[in-house]
$ cat protein_1.cif   # mmCIF, C-alpha atoms
data_target
loop_
_atom_site.group_PDB
_atom_site.id
_atom_site.type_symbol
_atom_site.label_atom_id
_atom_site.label_comp_id
_atom_site.auth_asym_id
_atom_site.auth_seq_id
_atom_site.Cartn_x
_atom_site.Cartn_y
_atom_site.Cartn_z
ATOM 1 C CA MET Y 157 0.000 0.000 0.000
ATOM 2 C CA LYS Y 158 2.814 2.383 1.012
ATOM 3 C CA ASN Y 159 4.686 1.436 -2.162
ATOM 4 C CA HIS Y 160 1.594 2.070 -4.314
ATOM 5 C CA LEU Y 161 1.194 5.509 -2.723
ATOM 6 C CA ARG Y 162 4.872 6.333 -3.367
ATOM 7 C CA ILE Y 163 4.565 5.316 -7.045
ATOM 8 C CA ALA Y 164 1.348 7.341 -7.406
ATOM 9 C CA CYS Y 165 3.076 10.399 -5.913
ATOM 10 C CA GLN Y 166 6.054 10.021 -8.266
ATOM 11 C CA ARG Y 167 3.687 10.005 -11.274
ATOM 12 C CA LEU Y 168 2.118 13.321 -10.325
ATOM 13 C CA SER Y 169 3.155 16.347 -12.345
ATOM 14 C CA PRO Y 170 4.571 19.359 -10.439
ATOM 15 C CA LEU Y 171 1.254 21.187 -11.046
ATOM 16 C CA GLN Y 172 -0.732 18.253 -9.616
ATOM 17 C CA SER Y 173 1.495 17.904 -6.529
ATOM 18 C CA GLN Y 174 1.385 21.660 -5.935
ATOM 19 C CA THR Y 175 -2.437 21.731 -6.241
ATOM 20 C CA ILE Y 176 -2.855 18.763 -3.882
ATOM 21 C CA LEU Y 177 -0.509 20.376 -1.341
ATOM 22 C CA HIS Y 178 -2.368 23.706 -1.470
ATOM 23 C CA ILE Y 179 -5.750 21.966 -1.123
ATOM 24 C CA ALA Y 180 -4.447 19.985 1.871
ATOM 25 C CA VAL Y 181 -3.259 23.226 3.500
ATOM 26 C CA SER Y 182 -6.675 24.846 2.843
ATOM 27 C CA LEU Y 183 -8.479 21.855 4.378
ATOM 28 C CA MET Y 184 -6.224 22.024 7.439
ATOM 29 C CA LEU Y 185 -6.907 25.755 7.715
ATOM 30 C CA MET Y 186 -10.639 25.016 7.537
ATOM 31 C CA ALA Y 187 -10.271 22.431 10.324
ATOM 32 C CA VAL Y 188 -8.302 24.894 12.487
ATOM 33 C CA ILE Y 189 -10.937 27.638 11.971
ATOM 34 C CA SER Y 190 -13.728 25.185 12.767
ATOM 35 C CA ALA Y 191 -11.944 23.999 15.924
ATOM 36 C CA ALA Y 192 -11.259 27.600 16.976
ATOM 37 C CA SER Y 193 -14.906 28.649 16.487
ATOM 38 C CA HIS Y 194 -16.123 25.551 18.346
ATOM 39 C CA PHE Y 195 -13.721 26.281 21.227
ATOM 40 C CA THR Y 196 -14.711 29.973 21.368
ATOM 41 C CA PHE Y 197 -18.468 29.331 21.355
ATOM 42 C CA GLU Y 198 -18.111 26.452 23.845
ATOM 43 C CA HIS Y 199 -16.600 28.939 26.271
ATOM 44 C CA GLY Y 200 -19.616 31.213 25.980
ATOM 45 C CA CYS Y 201 -18.162 33.953 23.801
ATOM 46 C CA ARG Y 202 -21.125 35.382 21.846
ATOM 47 C CA GLU Y 203 -19.733 38.800 20.934
ATOM 48 C CA LYS Y 204 -21.235 39.978 17.640
ATOM 49 C CA THR Y 205 -17.867 40.730 15.994
ATOM 50 C CA ILE Y 206 -16.488 37.297 16.940
ATOM 51 C CA VAL Y 207 -19.636 35.530 15.681
ATOM 52 C CA VAL Y 208 -19.472 37.391 12.336
ATOM 53 C CA LEU Y 209 -15.730 36.707 12.083
ATOM 54 C CA PHE Y 210 -16.137 32.969 12.652
ATOM 55 C CA ALA Y 211 -19.071 32.878 10.254
ATOM 56 C CA ALA Y 212 -16.994 34.533 7.502
ATOM 57 C CA LEU Y 213 -13.580 32.923 8.101
ATOM 58 C CA PRO Y 214 -14.424 29.398 6.826
ATOM 59 C CA ALA Y 215 -15.378 30.951 3.482
ATOM 60 C CA ILE Y 216 -11.715 31.858 2.825
ATOM 61 C CA PRO Y 217 -10.342 28.295 2.557
ATOM 62 C CA MET Y 218 -13.530 27.226 0.729
ATOM 63 C CA PHE Y 219 -13.050 29.881 -1.961
ATOM 64 C CA ALA Y 220 -9.333 29.071 -1.999
ATOM 65 C CA ILE Y 221 -10.129 25.420 -2.803
ATOM 66 C CA ILE Y 222 -12.518 26.411 -5.603
ATOM 67 C CA LEU Y 223 -9.901 28.804 -7.037
ATOM 68 C CA LEU Y 224 -7.181 26.140 -6.755
ATOM 69 C CA LEU Y 225 -9.323 23.631 -8.659
ATOM 70 C CA GLY Y 226 -10.105 26.234 -11.318
ATOM 71 C CA ARG Y 227 -6.439 27.186 -11.623
ATOM 72 C CA TYR Y 228 -5.472 23.511 -11.967
ATOM 73 C CA LEU Y 229 -8.010 22.935 -14.752
ATOM 74 C CA ALA Y 230 -6.867 26.099 -16.552
ATOM 75 C CA ARG Y 231 -3.186 25.171 -16.339
ATOM 76 C CA GLU Y 232 -3.384 21.414 -17.018
ATOM 77 C CA ARG Y 233 -1.927 20.972 -20.496
ATOM 78 C CA ASP Y 234 -2.880 17.325 -20.951
ATOM 79 C CA GLU Y 235 -6.444 17.461 -22.303
ATOM 80 C CA TYR Y 236 -7.251 13.826 -21.477
ATOM 81 C CA ILE Y 237 -6.117 14.248 -17.864
ATOM 82 C CA ARG Y 238 -8.156 17.469 -17.726
ATOM 83 C CA MET Y 239 -11.214 15.522 -18.851
ATOM 84 C CA VAL Y 240 -10.527 12.851 -16.209
ATOM 85 C CA ALA Y 241 -10.227 15.601 -13.559
ATOM 86 C CA VAL Y 242 -13.510 17.251 -14.610
ATOM 87 C CA LYS Y 243 -15.331 13.884 -14.510
ATOM 88 C CA ALA Y 244 -13.808 13.153 -11.088
ATOM 89 C CA LEU Y 245 -14.888 16.539 -9.706
ATOM 90 C CA LEU Y 246 -18.418 15.967 -11.015
ATOM 91 C CA TRP Y 247 -18.478 12.557 -9.283
ATOM 92 C CA GLY Y 248 -17.267 14.250 -6.096
ATOM 93 C CA ALA Y 249 -20.065 16.828 -6.371
ATOM 94 C CA ALA Y 250 -22.636 14.084 -7.061
ATOM 95 C CA VAL Y 251 -21.527 12.143 -3.977
ATOM 96 C CA ILE Y 252 -21.800 15.135 -1.616
ATOM 97 C CA VAL Y 253 -25.179 16.152 -3.027
ATOM 98 C CA THR Y 254 -26.397 12.579 -2.506
ATOM 99 C CA GLY Y 255 -24.824 12.582 0.971
ATOM 100 C CA ASP Y 256 -26.637 15.811 1.858
ATOM 101 C CA MET Y 257 -29.925 14.401 0.600
ATOM 102 C CA VAL Y 258 -29.444 11.238 2.673
ATOM 103 C CA GLN Y 259 -28.537 13.353 5.696
ATOM 104 C CA SER Y 260 -31.669 15.514 5.246
ATOM 105 C CA ALA Y 261 -33.770 12.365 5.053
ATOM 106 C CA LEU Y 262 -32.125 11.030 8.226
ATOM 107 C CA VAL Y 263 -32.765 14.311 10.048
ATOM 108 C CA ALA Y 264 -36.464 13.971 9.206
ATOM 109 C CA PHE Y 265 -36.484 10.657 11.066
ATOM 110 C CA SER Y 266 -34.103 11.595 13.874
ATOM 111 C CA PRO Y 267 -33.259 15.228 14.789
ATOM 112 C CA ASP Y 268 -30.148 13.899 16.603
ATOM 113 C CA PHE Y 269 -28.313 14.155 13.296
ATOM 114 C CA TRP Y 270 -28.250 17.944 13.729
ATOM 115 C CA SER Y 271 -26.022 17.464 16.779
ATOM 116 C CA LEU Y 272 -23.015 17.627 14.445
ATOM 117 C CA ASP Y 273 -21.274 21.022 14.327
ATOM 118 C CA PRO Y 274 -21.887 22.768 10.938
ATOM 119 C CA GLY Y 275 -18.124 23.392 10.629
ATOM 120 C CA THR Y 276 -17.422 19.682 11.034
ATOM 121 C CA LEU Y 277 -20.091 18.956 8.431
ATOM 122 C CA THR Y 278 -18.392 21.316 5.947
ATOM 123 C CA ILE Y 279 -15.014 19.624 6.471
ATOM 124 C CA MET Y 280 -16.668 16.194 6.158
ATOM 125 C CA ASN Y 281 -18.314 17.344 2.918
ATOM 126 C CA PHE Y 282 -14.968 18.417 1.486
ATOM 127 C CA ASP Y 283 -13.285 15.200 2.680
ATOM 128 C CA LEU Y 284 -16.045 13.173 1.065
ATOM 129 C CA PHE Y 285 -15.799 15.284 -2.087
ATOM 130 C CA PHE Y 286 -12.060 14.722 -2.469
ATOM 131 C CA THR Y 287 -12.252 11.031 -1.519
ATOM 132 C CA ALA Y 288 -14.969 10.431 -4.132
ATOM 133 C CA SER Y 289 -12.988 12.427 -6.719
ATOM 134 C CA ALA Y 290 -9.794 10.466 -5.969
ATOM 135 C CA PHE Y 291 -11.672 7.160 -6.344
ATOM 136 C CA SER Y 292 -13.094 8.364 -9.635
ATOM 137 C CA VAL Y 293 -9.616 9.284 -10.957
ATOM 138 C CA ALA Y 294 -8.256 5.894 -9.853
ATOM 139 C CA ILE Y 295 -11.135 4.004 -11.538
ATOM 140 C CA GLN Y 296 -10.890 6.009 -14.776
ATOM 141 C CA LEU Y 297 -7.116 5.542 -15.034
ATOM 142 C CA ARG Y 298 -7.373 1.852 -14.098
ATOM 143 C CA ARG Y 299 -9.873 1.316 -16.938
ATOM 144 C CA ASN Y 300 -7.387 2.929 -19.313
ATOM 145 C CA ARG Y 301 -4.085 1.221 -18.501
ATOM 146 C CA MET A 1035 -13.799 7.542 -34.443
ATOM 147 C CA LYS A 1036 -11.313 4.972 -35.756
ATOM 148 C CA ASN A 1037 -7.611 5.665 -35.854
ATOM 149 C CA ARG A 1038 -4.363 4.125 -37.105
ATOM 150 C CA LEU A 1039 -2.262 5.470 -34.286
ATOM 151 C CA ARG A 1040 -1.147 2.062 -32.984
ATOM 152 C CA VAL A 1041 -0.022 1.012 -36.484
ATOM 153 C CA LEU A 1042 1.807 4.277 -37.135
ATOM 154 C CA ARG A 1043 3.480 4.089 -33.753
ATOM 155 C CA ALA A 1044 4.553 0.495 -34.362
ATOM 156 C CA GLU A 1045 6.041 1.499 -37.733
ATOM 157 C CA LYS A 1046 8.231 4.030 -35.940
ATOM 158 C CA ASP A 1047 8.975 1.469 -33.221
ATOM 159 C CA TRP A 1048 7.860 3.875 -30.504
ATOM 160 C CA SER A 1049 6.334 2.881 -27.209
ATOM 161 C CA GLN A 1050 3.266 4.691 -25.892
ATOM 162 C CA ALA A 1051 5.554 6.462 -23.441
ATOM 163 C CA ASP A 1052 7.855 7.636 -26.271
ATOM 164 C CA LEU A 1053 4.918 9.058 -28.213
ATOM 165 C CA ALA A 1054 3.463 10.647 -25.078
ATOM 166 C CA GLU A 1055 6.777 12.363 -24.375
ATOM 167 C CA GLN A 1056 6.913 13.825 -27.880
ATOM 168 C CA LEU A 1057 3.309 15.000 -27.674
ATOM 169 C CA GLU A 1058 3.874 16.368 -24.145
ATOM 170 C CA VAL A 1059 0.902 14.421 -22.797
ATOM 171 C CA SER A 1060 0.547 11.461 -20.426
ATOM 172 C CA ARG A 1061 0.902 7.842 -21.537
ATOM 173 C CA GLN A 1062 -2.729 7.348 -20.502
ATOM 174 C CA SER A 1063 -3.742 9.983 -23.079
ATOM 175 C CA VAL A 1064 -2.001 8.075 -25.875
ATOM 176 C CA ASN A 1065 -3.614 4.831 -24.732
ATOM 177 C CA ALA A 1066 -7.067 6.457 -24.538
ATOM 178 C CA ILE A 1067 -6.715 7.825 -28.082
ATOM 179 C CA GLU A 1068 -5.406 4.507 -29.467
ATOM 180 C CA THR A 1069 -8.235 2.501 -27.931
ATOM 181 C CA GLY A 1070 -10.832 5.017 -29.152
ATOM 182 C CA LYS A 1071 -11.907 5.953 -25.634
ATOM 183 C CA TYR A 1072 -10.975 9.563 -26.230
ATOM 184 C CA ASP A 1073 -11.022 11.697 -29.364
ATOM 185 C CA PRO A 1074 -8.242 14.293 -29.321
ATOM 186 C CA SER A 1075 -8.796 18.009 -29.875
ATOM 187 C CA LEU A 1076 -7.825 19.551 -33.227
ATOM 188 C CA PRO A 1077 -4.516 20.977 -31.919
ATOM 189 C CA LEU A 1078 -3.490 17.531 -30.619
ATOM 190 C CA ALA A 1079 -4.637 15.855 -33.851
ATOM 191 C CA PHE A 1080 -2.514 18.330 -35.861
ATOM 192 C CA LYS A 1081 0.423 17.642 -33.551
ATOM 193 C CA LEU A 1082 0.014 13.897 -34.216
ATOM 194 C CA ALA A 1083 -0.196 14.480 -37.955
ATOM 195 C CA ARG A 1084 2.963 16.607 -37.932
ATOM 196 C CA LEU A 1085 4.792 14.031 -35.834
ATOM 197 C CA PHE A 1086 3.927 11.172 -38.220
ATOM 198 C CA GLU A 1087 4.422 13.451 -41.262
ATOM 199 C CA THR A 1088 0.954 12.736 -42.576
ATOM 200 C CA THR A 1089 -2.529 14.236 -42.629
ATOM 201 C CA ILE A 1090 -5.181 14.074 -39.936
ATOM 202 C CA GLU A 1091 -7.429 12.112 -42.326
ATOM 203 C CA ALA A 1092 -4.690 9.487 -42.716
ATOM 204 C CA ILE A 1093 -4.695 8.920 -38.955
ATOM 205 C CA PHE A 1094 -8.354 9.359 -38.066
ATOM 206 C CA SER A 1095 -11.414 8.226 -39.934
ATOM 207 C CA ASP A 1096 -15.142 8.434 -39.258
ATOM 208 C CA GLU A 1097 -16.473 5.079 -38.030
ATOM 209 C CA ASN A 1098 -19.453 5.320 -40.387
#
$ encode --input "protein_1.cif" --output "structure tokens"
Amino acid sequence: MKNHLRIACQRLSPLQSQTILHIAVSLMLMAVISAASHFTFEHGCREKTIVVLFAALPAIPMFAIILLLGRYLARERDEYIRMVAVKALLWGAAVIVTGDMVQSALVAFSPDFWSLDPGTLTIMNFDLFFTASAFSVAIQLRRNR
Amino acid sequence: MKNRLRVLRAEKDWSQADLAEQLEVSRQSVNAIETGKYDPSLPLAFKLARLFETTIEAIFSDEN
């Protein structure tokens, strides 16, 4: 498994490695912001400025991720790989939309599902999105060896 | 769309990786074009034609 991962990393172009690294940093930033907001609100801080700040801050890494994906697609010179990436991103989007629909259905049956922090849900959505996209890339490239 | 890419490549004794390097694309792209899973854009088709010193029509043909 470790060997497979090493080979996969070696096959990545500099643009792909750079994009993955920047997305990972953005996801970590999102997790840190979510943890910080959770910690602040847990300790009873409800100051308007702080609330607005923590409501707006998670948008920065989210927009960064969207811009990074757009920049990757614009700069990828291999048109077939670009097509694979677009298909993978669409699969990722389809999976999170389906996930959200399933979650909404579950909430209708049991309101306990709302106990999850919205910040955690956003990070989970992005994790699910990238996991589904990565699976899609792997499947598409495996079918075309 | 049908293509003669595999034949032309074999005539030059190039591997898929060799051709991919000359086209500045991935080996998977060459394989996808050869197997008909992906139809290249016009710029890539022209690049292929130039590389094999032939015309686009000599490489690609309509399946019908």
$ interface_residues --input "protein_1.cif" --of "chain A" --to "chain Y" --cutoff "7 Å" --atoms "all atoms listed in the file" --output "MDAnalysis selection string"
chainID A and resid 1059:1060 1062:1063 1065:1066
$ resolve_selection --input "protein_1.cif" --expression "the PyMOL selection byres ((chain Y and resi 185) around 12)" --output "list in words"
His178, Ile179, Ala180, Val181, Ser182, Leu183, Met184, Met186, Ala187, Val188, Ile189, Ser190, Ala191, Ala192, Leu213, Pro214, Ala215, Ile216, Pro217, Met218, Ala220, Ile221, Gly275 and Ile279 of chain Y
$ residues_around --input "protein_1.cif" --residues "region 241-253 of chain Y" --least-positions-apart "4" --cutoff "8 Å" --atoms "all atoms listed in the file" --output "PyMOL selection string"
chain Y and resi 229+237+257+281+284-293
$ resolve_selection --input "protein_1.cif" --expression "the PyMOL selection byres ((chain A and resi 1095) around 6)" --output "list in words"
Lys1036, Phe1094 and Asp1096 of chain A
$ resolve_selection --input "protein_1.cif" --expression "the PyMOL selection byres ((chain A and resi 1043-1046) around 12)" --output "count of residues only"
24
$ closest_residue --input "protein_1.cif" --among "Y:Ile176, Y:Ala294, Y:Ala261, Y:Leu168" --to "Arg227 (chain Y)" --atoms "only C-alpha atoms"
Y:Ile176
$ axis_aligned_box --input "protein_1.cif" --around "region 213-230 of chain Y" --padding-each-side "3 Å" --output "lines of an AutoDock Vina configuration file"
center_x = -10.4
center_y = 27.9
center_z = -4.2
size_x = 15.9
size_y = 16.0
size_z = 30.7
$ atom_distance --input "protein_1.cif" --atom1 "CA of Leu177 (chain Y)" --atom2 "CA of Val240 (chain Y)"
19.4 Å
$ residues_around --input "protein_1.cif" --residues "Arg231 (chain Y)" --least-positions-apart "5" --cutoff "10 Å" --atoms "all atoms listed in the file" --output "PDB file with C-alpha atoms, keeping the file's coordinate frame"
ATOM      1  CA  LEU Y 171       1.254  21.187 -11.046  1.00  0.00           C
ATOM      2  CA  GLN Y 172      -0.732  18.253  -9.616  1.00  0.00           C
ATOM      3  CA  LEU Y 225      -9.323  23.631  -8.659  1.00  0.00           C
ATOM      4  CA  GLY Y 226     -10.105  26.234 -11.318  1.00  0.00           C
ATOM      5  CA  ARG Y 238      -8.156  17.469 -17.726  1.00  0.00           C
TER       6      ARG Y 238
END
$ atom_distance --input "protein_1.cif" --atom1 "CA of Cys201 (chain Y)" --atom2 "CA of Gln259 (chain Y)"
29.3 Å
$ atom_distance --input "protein_1.cif" --atom1 "CA of Ser173 (chain Y)" --atom2 "CA of Ile222 (chain Y)"
16.4 Å
$ build_atoms --input "protein_1.cif" --residues "region 1076-1098 of chain A" --atoms "N, CA, C and O atoms" --output "PDB file, in the frame of the given file"
ATOM      1  N   LEU A1076      -8.491  19.251 -31.947  1.00  0.00           N
ATOM      2  CA  LEU A1076      -7.825  19.551 -33.227  1.00  0.00           C
ATOM      3  C   LEU A1076      -6.336  19.869 -33.051  1.00  0.00           C
ATOM      4  O   LEU A1076      -5.509  19.331 -33.785  1.00  0.00           O
ATOM      5  N   PRO A1077      -5.949  20.715 -32.074  1.00  0.00           N
ATOM      6  CA  PRO A1077      -4.516  20.977 -31.919  1.00  0.00           C
ATOM      7  C   PRO A1077      -3.692  19.707 -31.686  1.00  0.00           C
ATOM      8  O   PRO A1077      -2.610  19.554 -32.258  1.00  0.00           O
ATOM      9  N   LEU A1078      -4.239  18.778 -30.878  1.00  0.00           N
ATOM     10  CA  LEU A1078      -3.490  17.531 -30.619  1.00  0.00           C
ATOM     11  C   LEU A1078      -3.472  16.640 -31.872  1.00  0.00           C
ATOM     12  O   LEU A1078      -2.467  15.985 -32.168  1.00  0.00           O
ATOM     13  N   ALA A1079      -4.583  16.634 -32.609  1.00  0.00           N
ATOM     14  CA  ALA A1079      -4.637  15.855 -33.851  1.00  0.00           C
ATOM     15  C   ALA A1079      -3.616  16.392 -34.865  1.00  0.00           C
ATOM     16  O   ALA A1079      -2.926  15.628 -35.534  1.00  0.00           O
ATOM     17  N   PHE A1080      -3.510  17.724 -34.961  1.00  0.00           N
ATOM     18  CA  PHE A1080      -2.514  18.330 -35.861  1.00  0.00           C
ATOM     19  C   PHE A1080      -1.098  17.983 -35.409  1.00  0.00           C
ATOM     20  O   PHE A1080      -0.220  17.709 -36.228  1.00  0.00           O
ATOM     21  N   LYS A1081      -0.893  17.974 -34.104  1.00  0.00           N
ATOM     22  CA  LYS A1081       0.423  17.642 -33.551  1.00  0.00           C
ATOM     23  C   LYS A1081       0.798  16.201 -33.937  1.00  0.00           C
ATOM     24  O   LYS A1081       1.932  15.923 -34.322  1.00  0.00           O
ATOM     25  N   LEU A1082      -0.199  15.299 -33.838  1.00  0.00           N
ATOM     26  CA  LEU A1082       0.014  13.897 -34.216  1.00  0.00           C
ATOM     27  C   LEU A1082       0.359  13.793 -35.699  1.00  0.00           C
ATOM     28  O   LEU A1082       1.287  13.073 -36.084  1.00  0.00           O
ATOM     29  N   ALA A1083      -0.417  14.528 -36.505  1.00  0.00           N
ATOM     30  CA  ALA A1083      -0.196  14.480 -37.955  1.00  0.00           C
ATOM     31  C   ALA A1083       1.207  14.982 -38.307  1.00  0.00           C
ATOM     32  O   ALA A1083       1.895  14.384 -39.133  1.00  0.00           O
ATOM     33  N   ARG A1084       1.620  16.050 -37.676  1.00  0.00           N
ATOM     34  CA  ARG A1084       2.963  16.607 -37.932  1.00  0.00           C
ATOM     35  C   ARG A1084       4.030  15.610 -37.519  1.00  0.00           C
ATOM     36  O   ARG A1084       5.014  15.400 -38.227  1.00  0.00           O
ATOM     37  N   LEU A1085       3.809  14.971 -36.375  1.00  0.00           N
ATOM     38  CA  LEU A1085       4.792  14.031 -35.834  1.00  0.00           C
ATOM     39  C   LEU A1085       4.966  12.818 -36.755  1.00  0.00           C
ATOM     40  O   LEU A1085       6.084  12.342 -36.969  1.00  0.00           O
ATOM     41  N   PHE A1086       3.861  12.339 -37.322  1.00  0.00           N
ATOM     42  CA  PHE A1086       3.927  11.172 -38.220  1.00  0.00           C
ATOM     43  C   PHE A1086       4.056  11.595 -39.692  1.00  0.00           C
ATOM     44  O   PHE A1086       3.965  10.749 -40.584  1.00  0.00           O
ATOM     45  N   GLU A1087       4.247  12.884 -39.915  1.00  0.00           N
ATOM     46  CA  GLU A1087       4.422  13.451 -41.262  1.00  0.00           C
ATOM     47  C   GLU A1087       3.324  12.983 -42.225  1.00  0.00           C
ATOM     48  O   GLU A1087       3.597  12.458 -43.305  1.00  0.00           O
ATOM     49  N   THR A1088       2.107  13.129 -41.756  1.00  0.00           N
ATOM     50  CA  THR A1088       0.954  12.736 -42.576  1.00  0.00           C
ATOM     51  C   THR A1088      -0.206  13.706 -42.321  1.00  0.00           C
ATOM     52  O   THR A1088      -0.022  14.722 -41.666  1.00  0.00           O
ATOM     53  N   THR A1089      -1.365  13.370 -42.844  1.00  0.00           N
ATOM     54  CA  THR A1089      -2.529  14.236 -42.629  1.00  0.00           C
ATOM     55  C   THR A1089      -3.409  13.681 -41.502  1.00  0.00           C
ATOM     56  O   THR A1089      -3.307  12.496 -41.160  1.00  0.00           O
ATOM     57  N   ILE A1090      -4.264  14.521 -41.000  1.00  0.00           N
ATOM     58  CA  ILE A1090      -5.181  14.074 -39.936  1.00  0.00           C
ATOM     59  C   ILE A1090      -6.085  12.955 -40.467  1.00  0.00           C
ATOM     60  O   ILE A1090      -6.338  11.959 -39.789  1.00  0.00           O
ATOM     61  N   GLU A1091      -6.539  13.120 -41.717  1.00  0.00           N
ATOM     62  CA  GLU A1091      -7.429  12.112 -42.326  1.00  0.00           C
ATOM     63  C   GLU A1091      -6.748  10.750 -42.456  1.00  0.00           C
ATOM     64  O   GLU A1091      -7.404   9.718 -42.440  1.00  0.00           O
ATOM     65  N   ALA A1092      -5.420  10.760 -42.592  1.00  0.00           N
ATOM     66  CA  ALA A1092      -4.690   9.487 -42.716  1.00  0.00           C
ATOM     67  C   ALA A1092      -4.576   8.781 -41.365  1.00  0.00           C
ATOM     68  O   ALA A1092      -4.327   7.573 -41.310  1.00  0.00           O
ATOM     69  N   ILE A1093      -4.770   9.523 -40.297  1.00  0.00           N
ATOM     70  CA  ILE A1093      -4.695   8.920 -38.955  1.00  0.00           C
ATOM     71  C   ILE A1093      -6.096   8.586 -38.439  1.00  0.00           C
ATOM     72  O   ILE A1093      -6.338   7.493 -37.940  1.00  0.00           O
ATOM     73  N   PHE A1094      -6.984   9.544 -38.599  1.00  0.00           N
ATOM     74  CA  PHE A1094      -8.354   9.359 -38.066  1.00  0.00           C
ATOM     75  C   PHE A1094      -9.360   9.221 -39.183  1.00  0.00           C
ATOM     76  O   PHE A1094      -9.255   9.892 -40.205  1.00  0.00           O
ATOM     77  N   SER A1095     -10.335   8.336 -38.962  1.00  0.00           N
ATOM     78  CA  SER A1095     -11.414   8.226 -39.934  1.00  0.00           C
ATOM     79  C   SER A1095     -12.739   8.052 -39.208  1.00  0.00           C
ATOM     80  O   SER A1095     -12.788   7.491 -38.104  1.00  0.00           O
ATOM     81  N   ASP A1096     -13.807   8.543 -39.848  1.00  0.00           N
ATOM     82  CA  ASP A1096     -15.142   8.434 -39.258  1.00  0.00           C
ATOM     83  C   ASP A1096     -15.544   6.965 -39.256  1.00  0.00           C
ATOM     84  O   ASP A1096     -15.359   6.270 -40.258  1.00  0.00           O
ATOM     85  N   GLU A1097     -16.110   6.498 -38.140  1.00  0.00           N
ATOM     86  CA  GLU A1097     -16.473   5.079 -38.030  1.00  0.00           C
ATOM     87  C   GLU A1097     -17.532   4.694 -39.046  1.00  0.00           C
ATOM     88  O   GLU A1097     -17.599   3.542 -39.461  1.00  0.00           O
ATOM     89  N   ASN A1098     -18.404   5.658 -39.427  1.00  0.00           N
ATOM     90  CA  ASN A1098     -19.453   5.320 -40.387  1.00  0.00           C
ATOM     91  C   ASN A1098     -18.837   5.301 -41.772  1.00  0.00           C
ATOM     92  O   ASN A1098     -19.384   5.520 -42.732  1.00  0.00           O
TER      93      ASN A1098
END
